[in-house]
file protein11.tsv (TSV, C-alpha atoms)
chain	number	residue	atom	x	y	z
B	1	MET	CA	85.25	88.12	73.88
B	2	PHE	CA	88.48	88.77	75.72
B	3	GLU	CA	90.78	91.77	75.20
B	4	LYS	CA	93.66	89.64	73.89
B	5	SER	CA	93.95	86.83	71.34
B	6	PHE	CA	96.23	83.78	71.54
B	7	ILE	CA	97.04	82.50	68.06
B	8	THR	CA	99.03	79.31	67.62
B	9	ASP	CA	100.36	77.17	64.83
B	10	CYS	CA	99.26	73.55	65.23
B	11	GLU	CA	102.11	71.25	64.24
B	12	GLY	CA	104.98	72.07	66.60
B	13	PRO	CA	103.45	74.14	69.42
B	14	LEU	CA	100.43	71.80	69.92
B	15	THR	CA	101.16	68.53	68.14
B	16	LEU	CA	104.23	66.53	67.20
B	17	ASN	CA	102.83	65.61	63.81
B	18	ASP	CA	103.68	66.65	60.32
B	19	ASN	CA	100.41	65.28	58.99
B	20	ALA	CA	101.15	65.72	55.27
B	21	PHE	CA	104.55	64.03	55.64
B	22	GLU	CA	102.93	61.18	57.59
B	23	LEU	CA	100.21	60.76	54.96
B	24	ALA	CA	102.86	60.58	52.24
B	25	ALA	CA	104.98	58.09	54.20
B	26	ASN	CA	101.94	55.90	54.91
B	27	PHE	CA	100.15	55.86	51.56
B	28	ILE	CA	102.93	56.32	48.97
B	29	GLU	CA	105.85	53.95	48.43
B	30	ASP	CA	108.98	55.99	49.31
B	31	GLY	CA	106.52	58.79	50.10
B	32	GLY	CA	108.39	60.00	53.16
B	33	GLU	CA	111.53	60.55	51.12
B	34	LEU	CA	109.52	62.16	48.32
B	35	PHE	CA	107.90	64.58	50.75
B	36	LYS	CA	111.24	65.56	52.31
B	37	ILE	CA	112.68	66.32	48.86
B	38	LEU	CA	109.64	68.43	47.95
B	39	SER	CA	109.79	70.24	51.29
B	40	LEU	CA	113.38	71.31	50.61
B	41	TYR	CA	112.35	72.39	47.10
B	42	ASP	CA	109.51	74.40	48.67
B	43	ASP	CA	112.02	76.13	50.99
B	44	TYR	CA	114.24	76.84	47.97
B	45	LEU	CA	111.39	78.46	46.00
B	46	VAL	CA	110.51	80.67	48.99
B	47	ASP	CA	113.93	81.42	50.42
B	48	VAL	CA	116.29	81.50	47.42
B	49	VAL	CA	114.22	82.10	44.29
B	50	HIS	CA	111.47	84.18	45.96
B	51	LYS	CA	109.11	82.75	43.34
B	52	GLU	CA	106.26	85.11	42.56
B	53	ASN	CA	102.85	84.15	44.02
B	54	TYR	CA	104.41	81.13	45.74
B	55	LYS	CA	103.75	80.61	49.46
B	56	ALA	CA	105.76	78.77	52.09
B	57	GLY	CA	103.97	75.51	52.76
B	58	ASN	CA	103.04	74.80	49.15
B	59	THR	CA	104.54	71.34	49.59
B	60	LEU	CA	100.94	70.48	50.49
B	61	LYS	CA	99.98	71.30	46.89
B	62	LEU	CA	103.05	69.74	45.25
B	63	ILE	CA	102.32	66.35	46.85
B	64	LEU	CA	98.65	66.19	45.79
B	65	PRO	CA	99.06	64.51	42.35
B	66	PHE	CA	101.03	61.73	44.05
B	67	PHE	CA	98.16	61.25	46.53
B	68	VAL	CA	95.70	61.03	43.64
B	69	VAL	CA	97.79	58.27	42.02
B	70	GLU	CA	97.23	56.28	45.24
B	71	ASN	CA	93.48	57.03	45.02
B	72	LEU	CA	93.39	58.88	48.36
B	73	MET	CA	89.98	60.33	49.20
B	74	ASN	CA	88.77	62.74	51.88
B	75	ASN	CA	87.74	59.87	54.12
B	76	ASP	CA	91.24	58.37	53.99
B	77	LEU	CA	92.70	61.66	55.26
B	78	VAL	CA	90.05	61.94	57.99
B	79	GLU	CA	90.48	58.36	59.26
B	80	PHE	CA	94.28	58.51	59.20
B	81	SER	CA	94.33	61.89	60.96
B	82	GLN	CA	91.94	60.77	63.70
B	83	LYS	CA	94.14	57.75	64.47
B	84	HIS	CA	97.45	59.62	64.35
B	85	ILE	CA	97.34	62.68	66.61
B	86	TYR	CA	100.45	62.95	68.78
B	87	SER	CA	100.22	65.98	71.04
B	88	VAL	CA	102.95	68.01	72.70
B	89	ASN	CA	102.89	67.27	76.42
B	90	ASP	CA	100.34	69.50	78.19
B	91	SER	CA	98.99	71.13	75.01
B	92	LYS	CA	95.44	70.17	76.04
B	93	PHE	CA	96.18	71.64	79.48
B	94	LEU	CA	97.32	74.89	77.81
B	95	LEU	CA	94.20	75.15	75.64
B	96	GLU	CA	91.91	74.37	78.58
B	97	TYR	CA	93.51	77.21	80.56
B	98	LEU	CA	93.17	79.61	77.61
B	99	LYS	CA	89.39	79.11	77.41
B	100	GLY	CA	88.96	81.39	80.40
B	101	THR	CA	91.60	84.00	79.60
B	102	MET	CA	92.07	84.78	75.89
B	103	ASN	CA	90.38	84.36	72.52
B	104	THR	CA	92.09	81.25	71.15
B	105	TYR	CA	92.77	80.26	67.55
B	106	ILE	CA	94.70	77.59	65.67
B	107	VAL	CA	96.18	78.89	62.40
B	108	SER	CA	97.72	76.01	60.47
B	109	THR	CA	99.06	75.17	57.05
B	110	SER	CA	97.77	71.60	57.54
B	111	TYR	CA	94.88	70.06	55.64
B	112	GLY	CA	91.43	70.75	57.07
B	113	GLN	CA	90.80	67.03	57.59
B	114	TYR	CA	93.64	66.91	60.11
B	115	ILE	CA	92.76	70.20	61.80
B	116	GLU	CA	89.17	69.07	62.31
B	117	ALA	CA	90.47	65.90	63.99
B	118	VAL	CA	92.82	67.99	66.18
B	119	SER	CA	90.11	70.50	67.10
B	120	ASN	CA	87.86	67.65	68.23
B	121	TYR	CA	90.69	66.05	70.21
B	122	MET	CA	91.84	69.35	71.76
B	123	GLU	CA	88.25	70.59	72.29
B	124	VAL	CA	88.83	73.81	70.38
B	125	PRO	CA	85.85	75.04	68.28
B	126	PHE	CA	86.50	74.16	64.63
B	127	GLU	CA	85.25	77.65	63.67
B	128	ASN	CA	88.28	79.02	65.56
B	129	THR	CA	90.70	77.29	63.20
B	130	PHE	CA	92.29	78.26	59.89
B	131	TYR	CA	93.67	75.58	57.56
B	132	THR	CA	94.37	74.53	53.97
B	133	ASN	CA	91.10	73.40	52.43
B	134	VAL	CA	91.61	70.45	50.07
B	135	ASP	CA	88.85	68.32	48.57
B	136	MET	CA	90.59	65.09	47.60
B	137	ASP	CA	87.37	63.68	46.11
B	138	ALA	CA	87.43	66.41	43.44
B	139	LEU	CA	90.98	65.67	42.24
B	140	THR	CA	91.30	63.25	39.31
B	141	LEU	CA	93.91	62.13	36.79
B	142	SER	CA	93.50	60.25	33.51
B	143	SER	CA	95.25	56.87	33.17
B	144	GLU	CA	97.83	58.50	30.90
B	145	GLU	CA	98.45	61.27	33.45
B	146	ILE	CA	98.80	58.69	36.24
B	147	GLU	CA	101.62	57.04	34.30
B	148	LYS	CA	103.34	60.42	33.92
B	149	ILE	CA	103.05	61.22	37.64
B	150	ILE	CA	104.52	57.80	38.49
B	151	GLU	CA	107.44	58.59	36.18
B	152	PHE	CA	107.83	62.07	37.73
B	153	LYS	CA	108.03	60.47	41.17
B	154	ARG	CA	110.81	58.12	40.05
B	155	THR	CA	112.69	61.03	38.45
B	156	ILE	CA	112.42	63.20	41.58
B	157	LEU	CA	113.66	60.41	43.86
B	158	GLU	CA	116.62	59.78	41.52
B	159	ASN	CA	117.48	63.50	41.19
B	160	PRO	CA	116.65	64.96	44.63
B	161	THR	CA	118.44	68.31	44.16
B	162	ASP	CA	117.80	69.01	40.47
B	163	TYR	CA	115.48	71.97	41.02
B	164	GLU	CA	115.50	72.99	37.33
B	165	LEU	CA	114.06	69.56	36.58
B	166	PHE	CA	111.45	70.06	39.34
B	167	ASP	CA	110.52	73.44	37.83
B	168	ASP	CA	109.80	71.69	34.55
B	169	ILE	CA	107.79	68.89	36.22
B	170	PHE	CA	105.58	71.11	38.39
B	171	PHE	CA	105.31	74.32	36.41
B	172	SER	CA	105.46	73.05	32.80
B	173	GLN	CA	104.31	69.42	32.78
B	174	ILE	CA	101.76	69.09	35.62
B	175	SER	CA	100.48	72.61	34.92
B	176	LYS	CA	99.14	71.30	31.58
B	177	MET	CA	97.07	68.58	33.29
B	178	GLY	CA	93.42	69.04	34.17
B	179	ILE	CA	94.15	68.49	37.88
B	180	TYR	CA	96.20	71.70	37.91
B	181	GLU	CA	93.08	73.84	37.58
B	182	ASN	CA	91.82	72.43	40.89
B	183	ILE	CA	95.20	72.57	42.62
B	184	LYS	CA	95.98	76.18	41.69
B	185	GLU	CA	92.71	77.30	43.30
B	186	ILE	CA	93.74	75.85	46.68
B	187	GLU	CA	94.74	78.57	49.15
B	188	VAL	CA	97.55	77.23	51.33
B	189	VAL	CA	97.41	78.85	54.77
B	190	GLY	CA	101.15	79.31	55.04
B	191	GLY	CA	103.31	82.39	55.42
B	192	GLN	CA	101.24	85.26	54.05
B	193	GLY	CA	98.10	83.12	54.41
B	194	LYS	CA	98.66	82.94	58.16
B	195	LYS	CA	99.18	86.69	58.35
B	196	LEU	CA	95.83	87.19	56.55
B	197	ALA	CA	94.24	84.87	59.11
B	198	ILE	CA	95.52	87.18	61.87
B	199	ASP	CA	93.90	90.13	60.07
B	200	ASP	CA	90.60	88.21	60.16
B	201	ILE	CA	91.03	87.40	63.86
B	202	ILE	CA	91.77	91.02	64.83
B	203	GLU	CA	88.65	92.14	62.97
B	204	ARG	CA	86.51	89.31	64.36
B	205	ASP	CA	87.56	89.94	67.97
B	206	GLY	CA	87.53	93.72	67.69
B	207	ILE	CA	90.91	93.95	69.43
B	208	ASP	CA	93.82	96.34	69.01
B	209	ILE	CA	96.46	95.23	66.54
B	210	ASN	CA	99.03	94.83	69.36
B	211	GLU	CA	96.83	92.64	71.61
B	212	ILE	CA	97.93	89.35	70.06
B	213	LEU	CA	100.28	86.54	70.99
B	214	TYR	CA	101.48	84.42	68.05
B	215	ILE	CA	103.48	81.22	68.53
B	216	GLY	CA	105.01	79.13	65.75
B	217	ASP	CA	107.95	76.90	64.90
B	218	SER	CA	108.72	76.83	61.17
B	219	ILE	CA	109.05	78.65	57.84
B	220	THR	CA	105.27	79.06	57.47
B	221	ASP	CA	105.25	81.14	60.68
B	222	VAL	CA	107.71	83.81	59.52
B	223	GLU	CA	105.13	86.33	58.25
B	224	PRO	CA	102.74	86.09	61.24
B	225	LEU	CA	105.61	86.25	63.75
B	226	ASP	CA	107.10	89.24	61.95
B	227	PHE	CA	103.66	90.92	61.89
B	228	ALA	CA	103.10	90.33	65.62
B	229	ARG	CA	106.55	91.65	66.53
B	230	LYS	CA	106.37	94.76	64.33
B	231	ASN	CA	102.97	95.64	65.78
B	232	ASP	CA	104.12	95.26	69.39
B	233	GLY	CA	102.38	91.93	69.97
B	234	VAL	CA	104.05	88.92	71.57
B	235	SER	CA	105.94	86.73	69.06
B	236	ILE	CA	107.25	83.34	70.20
B	237	SER	CA	109.29	80.60	68.54
B	238	PHE	CA	108.47	77.27	70.22
B	239	ASN	CA	111.20	74.67	69.59
B	240	GLY	CA	111.66	76.48	66.28
B	241	ASN	CA	114.20	76.08	63.52
B	242	GLU	CA	116.16	78.98	62.03
B	243	TYR	CA	113.17	80.52	60.24
B	244	PRO	CA	111.02	81.57	63.22
B	245	LEU	CA	114.05	82.29	65.39
B	246	LYS	CA	115.18	84.97	62.91
B	247	VAL	CA	111.96	86.98	63.33
B	248	ALA	CA	110.41	86.12	66.72
B	249	GLU	CA	111.23	88.19	69.80
B	250	ILE	CA	110.98	85.32	72.29
B	251	ALA	CA	112.25	81.73	72.19
B	252	ILE	CA	110.80	78.89	74.21
B	253	VAL	CA	112.62	75.55	74.18
B	254	SER	CA	110.63	73.02	76.14
B	255	PRO	CA	109.26	69.46	76.02
B	256	SER	CA	105.98	70.74	77.47
B	257	ALA	CA	103.36	73.34	76.50
B	258	VAL	CA	103.01	74.28	80.18
B	259	THR	CA	105.95	76.63	79.53
B	260	THR	CA	103.80	78.40	76.94
B	261	ALA	CA	101.02	78.52	79.55
B	262	VAL	CA	103.30	80.42	81.96
B	263	ILE	CA	103.98	83.13	79.35
B	264	ALA	CA	100.32	83.17	78.28
B	265	ASP	CA	99.27	83.70	81.89
B	266	VAL	CA	101.63	86.65	82.35
B	267	TYR	CA	100.37	88.19	79.11
B	268	ALA	CA	96.67	87.58	79.85
B	269	LYS	CA	96.97	89.51	83.12
B	270	ASN	CA	99.39	92.23	81.99
B	271	ASP	CA	100.93	93.70	78.84
B	272	LYS	CA	103.86	92.74	76.62
B	273	GLY	CA	106.25	94.81	78.72
B	274	LYS	CA	105.49	92.64	81.73
B	275	VAL	CA	106.16	89.50	79.66
B	276	LEU	CA	109.62	90.78	78.72
B	277	GLU	CA	110.25	91.77	82.32
B	278	PHE	CA	109.26	88.28	83.48
B	279	ILE	CA	111.67	86.69	80.98
B	280	ASP	CA	114.52	88.90	82.20
B	281	ASP	CA	113.77	87.92	85.81
B	282	TYR	CA	113.43	84.25	84.84
B	283	ASN	CA	116.96	84.26	83.45
B	284	ILE	CA	118.55	85.69	86.59
B	285	SER	CA	116.33	83.99	89.17
B	286	LYS	CA	117.68	81.46	91.65
B	287	ASP	CA	114.21	80.74	93.05
B	288	TYR	CA	111.66	79.87	90.35
B	289	GLU	CA	108.88	79.14	92.84
B	290	LYS	CA	109.16	82.64	94.31
B	291	LEU	CA	109.36	84.13	90.80
B	292	LEU	CA	106.10	82.48	89.69
B	293	ASP	CA	104.47	83.56	92.95
B	294	ASP	CA	105.68	87.14	92.47
B	295	TYR	CA	104.10	87.21	89.00
B	296	ASN	CA	100.86	85.72	90.32
B	297	ILE	CA	101.01	82.72	87.99
B	298	ASP	CA	97.82	80.65	87.94
B	299	GLU	CA	97.98	77.97	90.65
B	300	ASN	CA	97.22	75.07	88.28
B	301	ILE	CA	99.91	76.21	85.84
B	302	LYS	CA	102.42	76.66	88.63
B	303	ASN	CA	101.72	73.20	90.09
B	304	ARG	CA	101.94	71.59	86.65
B	305	PHE	CA	105.18	73.44	85.84
B	306	PHE	CA	106.93	72.25	89.01
B	307	SER	CA	105.62	68.70	88.63
B	308	ILE	CA	107.52	68.52	85.32
B	309	PHE	CA	110.56	70.71	85.91
B	310	LYS	CA	112.52	69.97	89.06
B	311	ASP	CA	116.23	70.31	88.31
B	312	GLU	CA	116.42	71.42	84.68
B	313	TYR	CA	114.16	74.27	83.63
B	314	PRO	CA	113.04	75.18	80.10
B	315	LEU	CA	114.70	77.88	78.06
B	316	ILE	CA	112.71	81.12	77.83
B	317	LYS	CA	114.77	83.94	76.34
B	318	ILE	CA	114.52	87.18	74.43
B	319	ILE	CA	116.36	86.49	71.15
B	320	THR	CA	119.38	88.67	70.38
B	321	ASP	CA	122.15	88.57	67.77
B	322	GLU	CA	124.48	87.42	70.54
B	323	ASN	CA	122.44	84.43	71.75
B	324	TYR	CA	120.79	83.41	68.44
B	325	GLU	CA	123.26	80.61	67.57
B	326	GLU	CA	123.13	79.16	71.09
B	327	ILE	CA	119.31	79.18	71.11
B	328	LEU	CA	119.14	77.70	67.59
B	329	LYS	CA	121.34	74.78	68.63
B	330	VAL	CA	119.27	73.78	71.68
B	331	SER	CA	115.97	74.58	69.93
B	332	LYS	CA	116.73	72.26	67.00
B	333	GLU	CA	117.96	69.57	69.38
B	334	MET	CA	114.67	69.72	71.31
B	335	ARG	CA	112.69	69.85	68.06
B	336	ASN	CA	114.36	66.72	66.70
B	337	ASN	CA	114.22	64.99	70.07
B	338	ILE	CA	110.47	65.31	70.63
B	339	ARG	CA	109.23	65.24	67.02
B	340	GLY	CA	111.77	62.82	65.52
B	341	GLN	CA	114.51	63.79	63.10
B	342	ASP	CA	112.49	63.25	59.91
B	343	ILE	CA	109.79	65.72	60.98
B	344	GLY	CA	112.08	67.98	63.01
B	345	GLU	CA	114.27	68.73	60.00
B	346	LEU	CA	111.40	69.67	57.70
B	347	GLY	CA	111.26	73.44	57.02
call {"tool": "encode", "arguments": {"input": "protein11.tsv", "output": "structure tokens"}}
result
Amino acid sequence: MFEKSFITDCEGPLTLNDNAFELAANFIEDGGELFKILSLYDDYLVDVVHKENYKAGNTLKLILPFFVVENLMNNDLVEFSQKHIYSVNDSKFLLEYLKGTMNTYIVSTSYGQYIEAVSNYMEVPFENTFYTNVDMDALTLSSEEIEKIIEFKRTILENPTDYELFDDIFFSQISKMGIYENIKEIEVVGGQGKKLAIDDIIERDGIDINEILYIGDSITDVEPLDFARKNDGVSISFNGNEYPLKVAEIAIVSPSAVTTAVIADVYAKNDKGKVLEFIDDYNISKDYEKLLDDYNIDENIKNRFFSIFKDEYPLIKIITDENYEEILKVSKEMRNNIRGQDIGELG
């Protein structure tokens, strides 16, 4: 065990996927549009209504009846996930470096079928991952209920912002179906679920509460980023939207995870204070090669960094009220550019 733990979200910092969105778009007619509507509704329930006992990321539960209508089984999720992993440039390089420097974990809202495929691809032990556990084989609907779900889908697509109607569909109508008993038992690892995963990691690794680095990019990362920051850990938004940027201390905007590796290397060898000092120096430096030498950056990371960045260098900044809007603009541009607008604009 190492003295520090590196904890990362999966979709965003490591991969370009939104696996649940991609599953919906692939297996359900108009499923991509349906998922985007439900994702905005999910944001609304978390951000505006503050619905009791509702977690960010519950879109993964809302979409399940529509998967069942299409007769999706566990094996369908596994096979699709294995064939559709699109990684952020150099994310495997980052994780390979971390093996020798920090305890490393993936904490994701995604379905376990996808995270198992990613952990195999990235060569991260599956036992070092946290995910939403869904057993598709156990979810069933009667023929009458299938007809109702099909009608609900049509209604949602025709009334994409009628959230009172959605409340009735999901919390009055579907809640009376047998499938609801299975769905309500599913623990989505989003928001508070990710923060609880960090509690488990701290206990498992026997580390101090401030010896963590957490990196995320979306609404499901708000609680863990806030926790890391308030407990003097390192909190990073990687190509994040407005949600993580409001709570993280550090912003990285980059097409490559080697930028994360630079910060991870500084943190692995020093403390958080040195990370903040490095970022200050990075933003006034005229000689990046000398800067990385001065901070004793790992030779492989340094070589990789300068093989990618020659004229334009990635944004690494401490987030302030003054620079928030500027960072948000370039962060969302990068997010949409490398992940595609459909995925980039999901909460």
call {"tool": "closest_atom_pairs", "arguments": {"input": "protein11.tsv", "of": "segment 75-99 of chain B", "to": "segment 255-262 of chain B", "cutoff": "9 Å", "atoms": "all atoms listed in the file", "output": "Markdown table"}}
result
| residue | atom | partner | partner_atom | distance |
| --- | --- | --- | --- | --- |
| B:Val88 | CA | B:Ser256 | CA | 6.3 |
| B:Asn89 | CA | B:Ser256 | CA | 4.8 |
| B:Asp90 | CA | B:Ala257 | CA | 5.2 |
| B:Ser91 | CA | B:Ala257 | CA | 5.1 |
| B:Lys92 | CA | B:Ala257 | CA | 8.5 |
| B:Phe93 | CA | B:Val258 | CA | 7.4 |
| B:Leu94 | CA | B:Ala261 | CA | 5.5 |
| B:Leu95 | CA | B:Ala261 | CA | 8.6 |
| B:Tyr97 | CA | B:Ala261 | CA | 7.7 |
| B:Leu98 | CA | B:Ala261 | CA | 8.2 |
call {"tool": "write_last_selection", "arguments": {"input": "protein11.tsv", "atoms": "C-alpha atoms", "output": "short mmCIF file (atom, residue, chain, number, x, y, z; two decimals), in the coordinates of the input"}}
result
data_model
loop_
_atom_site.label_atom_id
_atom_site.label_comp_id
_atom_site.auth_asym_id
_atom_site.auth_seq_id
_atom_site.Cartn_x
_atom_site.Cartn_y
_atom_site.Cartn_z
CA VAL B 88 102.95 68.01 72.70
CA ASN B 89 102.89 67.27 76.42
CA ASP B 90 100.34 69.50 78.19
CA SER B 91 98.99 71.13 75.01
CA LYS B 92 95.44 70.17 76.04
CA PHE B 93 96.18 71.64 79.48
CA LEU B 94 97.32 74.89 77.81
CA LEU B 95 94.20 75.15 75.64
CA TYR B 97 93.51 77.21 80.56
CA LEU B 98 93.17 79.61 77.61
#
call {"tool": "residues_near_point", "arguments": {"input": "protein11.tsv", "point": "(94.4, 80.8, 60.0)", "cutoff": "7 Å", "atoms": "only C-alpha atoms", "output": "ChimeraX atom specification"}}
result
/B:106-108,129-131,189,194,197-198
call {"tool": "residues_around", "arguments": {"input": "protein11.tsv", "residues": "Glu96 of chain B", "least_positions_apart": "6", "cutoff": "10 Å", "atoms": "all atoms listed in the file", "output": "list in words"}}
result
Asp90, Met122, Glu123 and Val124 of chain B
call {"tool": "closest_residue", "arguments": {"input": "protein11.tsv", "among": "B:Val188, B:Ile28, B:Leu72, B:Ile156", "to": "Thr132 of chain B", "atoms": "all atoms listed in the file"}}
result
B:Val188
call {"tool": "closest_residue", "arguments": {"input": "protein11.tsv", "among": "B:Ser285, B:Ser5, B:Thr320, B:Asn300", "to": "Val247 of chain B", "atoms": "all atoms listed in the file"}}
result
B:Thr320
call {"tool": "atom_distance", "arguments": {"input": "protein11.tsv", "atom1": "atom CA of Tyr243 of chain B", "atom2": "atom CA of Asp43 of chain B"}}
result
10.3 Å
call {"tool": "closest_residue", "arguments": {"input": "protein11.tsv", "among": "B:Ile169, B:Ile7, B:Ala268, B:Val48", "to": "Lys195 of chain B", "atoms": "all atoms listed in the file"}}
result
B:Ile7
call {"tool": "atom_distance", "arguments": {"input": "protein11.tsv", "atom1": "atom CA of Val275 of chain B", "atom2": "atom CA of Leu315 of chain B"}}
result
14.5 Å
call {"tool": "atom_distance", "arguments": {"input": "protein11.tsv", "atom1": "atom CA of Ile149 of chain B", "atom2": "atom CA of Met73 of chain B"}}
result
17.5 Å
call {"tool": "residues_around", "arguments": {"input": "protein11.tsv", "residues": "Val69 of chain B", "least_positions_apart": "3", "cutoff": "10 Å", "atoms": "all atoms listed in the file", "output": "CSV table (one decimal) with C-alpha atoms, in the coordinates of the input"}}
result
chain,number,residue,atom,x,y,z
B,28,ILE,CA,102.9,56.3,49.0
B,64,LEU,CA,98.6,66.2,45.8
B,65,PRO,CA,99.1,64.5,42.4
B,66,PHE,CA,101.0,61.7,44.0
B,72,LEU,CA,93.4,58.9,48.4
B,140,THR,CA,91.3,63.2,39.3
B,141,LEU,CA,93.9,62.1,36.8
B,142,SER,CA,93.5,60.2,33.5
B,143,SER,CA,95.2,56.9,33.2
B,145,GLU,CA,98.4,61.3,33.4
B,146,ILE,CA,98.8,58.7,36.2
B,147,GLU,CA,101.6,57.0,34.3
B,149,ILE,CA,103.0,61.2,37.6
B,150,ILE,CA,104.5,57.8,38.5
call {"tool": "closest_residue", "arguments": {"input": "protein11.tsv", "among": "B:Ile327, B:Ala264, B:Leu276, B:Leu291", "to": "Pro244 of chain B", "atoms": "all atoms listed in the file"}}
result
B:Ile327
call {"tool": "residues_around", "arguments": {"input": "protein11.tsv", "residues": "Lys61 of chain B", "least_positions_apart": "2", "cutoff": "12 Å", "atoms": "all atoms listed in the file", "output": "ChimeraX atom specification"}}
result
/B:20,35,38-39,42,54-59,63-68,109-111,132-136,139,170,174,179-190
call {"tool": "closest_residue", "arguments": {"input": "protein11.tsv", "among": "B:Ala117, B:Asp205, B:Asn283, B:Phe27", "to": "Phe2 of chain B", "atoms": "all atoms listed in the file"}}
result
B:Asp205
call {"tool": "residues_around", "arguments": {"input": "protein11.tsv", "residues": "Glu3 of chain B", "least_positions_apart": "6", "cutoff": "9 Å", "atoms": "all atoms listed in the file", "output": "NGL selection string"}}
result
:B and (101-103 or 205-208 or 211 or 268)
call {"tool": "closest_residue", "arguments": {"input": "protein11.tsv", "among": "B:Leu14, B:Val49, B:Val222, B:Leu157", "to": "Gly31 of chain B", "atoms": "all atoms listed in the file"}}
result
B:Leu157
call {"tool": "residues_near_point", "arguments": {"input": "protein11.tsv", "point": "(88.8, 69.0, 67.4)", "cutoff": "12 Å", "atoms": "only C-alpha atoms", "output": "PDB file with C-alpha atoms, keeping the file's coordinate frame"}}
result
ATOM      1  CA  CYS B  10      99.260  73.550  65.230  1.00  0.00           C
ATOM      2  CA  VAL B  78      90.050  61.940  57.990  1.00  0.00           C
ATOM      3  CA  SER B  81      94.330  61.890  60.960  1.00  0.00           C
ATOM      4  CA  GLN B  82      91.940  60.770  63.700  1.00  0.00           C
ATOM      5  CA  ILE B  85      97.340  62.680  66.610  1.00  0.00           C
ATOM      6  CA  LYS B  92      95.440  70.170  76.040  1.00  0.00           C
ATOM      7  CA  LEU B  95      94.200  75.150  75.640  1.00  0.00           C
ATOM      8  CA  TYR B 105      92.770  80.260  67.550  1.00  0.00           C
ATOM      9  CA  ILE B 106      94.700  77.590  65.670  1.00  0.00           C
ATOM     10  CA  GLY B 112      91.430  70.750  57.070  1.00  0.00           C
ATOM     11  CA  GLN B 113      90.800  67.030  57.590  1.00  0.00           C
ATOM     12  CA  TYR B 114      93.640  66.910  60.110  1.00  0.00           C
ATOM     13  CA  ILE B 115      92.760  70.200  61.800  1.00  0.00           C
ATOM     14  CA  GLU B 116      89.170  69.070  62.310  1.00  0.00           C
ATOM     15  CA  ALA B 117      90.470  65.900  63.990  1.00  0.00           C
ATOM     16  CA  VAL B 118      92.820  67.990  66.180  1.00  0.00           C
ATOM     17  CA  SER B 119      90.110  70.500  67.100  1.00  0.00           C
ATOM     18  CA  ASN B 120      87.860  67.650  68.230  1.00  0.00           C
ATOM     19  CA  TYR B 121      90.690  66.050  70.210  1.00  0.00           C
ATOM     20  CA  MET B 122      91.840  69.350  71.760  1.00  0.00           C
ATOM     21  CA  GLU B 123      88.250  70.590  72.290  1.00  0.00           C
ATOM     22  CA  VAL B 124      88.830  73.810  70.380  1.00  0.00           C
ATOM     23  CA  PRO B 125      85.850  75.040  68.280  1.00  0.00           C
ATOM     24  CA  PHE B 126      86.500  74.160  64.630  1.00  0.00           C
ATOM     25  CA  GLU B 127      85.250  77.650  63.670  1.00  0.00           C
ATOM     26  CA  ASN B 128      88.280  79.020  65.560  1.00  0.00           C
ATOM     27  CA  THR B 129      90.700  77.290  63.200  1.00  0.00           C
TER      28      THR B 129
END
call {"tool": "residues_around", "arguments": {"input": "protein11.tsv", "residues": "Lys332 of chain B", "least_positions_apart": "4", "cutoff": "7 Å", "atoms": "all atoms listed in the file", "output": "mmCIF file with C-alpha atoms, in the frame of the given file"}}
result
data_model
loop_
_atom_site.group_PDB
_atom_site.id
_atom_site.type_symbol
_atom_site.label_atom_id
_atom_site.label_comp_id
_atom_site.auth_asym_id
_atom_site.auth_seq_id
_atom_site.Cartn_x
_atom_site.Cartn_y
_atom_site.Cartn_z
ATOM 1 C CA ASN B 239 111.200 74.670 69.590
ATOM 2 C CA GLY B 240 111.660 76.480 66.280
ATOM 3 C CA ASN B 241 114.200 76.080 63.520
ATOM 4 C CA LEU B 328 119.140 77.700 67.590
ATOM 5 C CA ASN B 336 114.360 66.720 66.700
#
call {"tool": "axis_aligned_box", "arguments": {"input": "protein11.tsv", "around": "segment 317-328 of chain B", "padding_each_side": "3 Å", "output": "AutoDock Vina command-line options"}}
result
--center_x 119.5 --center_y 83.2 --center_z 72.0 --size_x 16.0 --size_y 17.0 --size_z 14.8
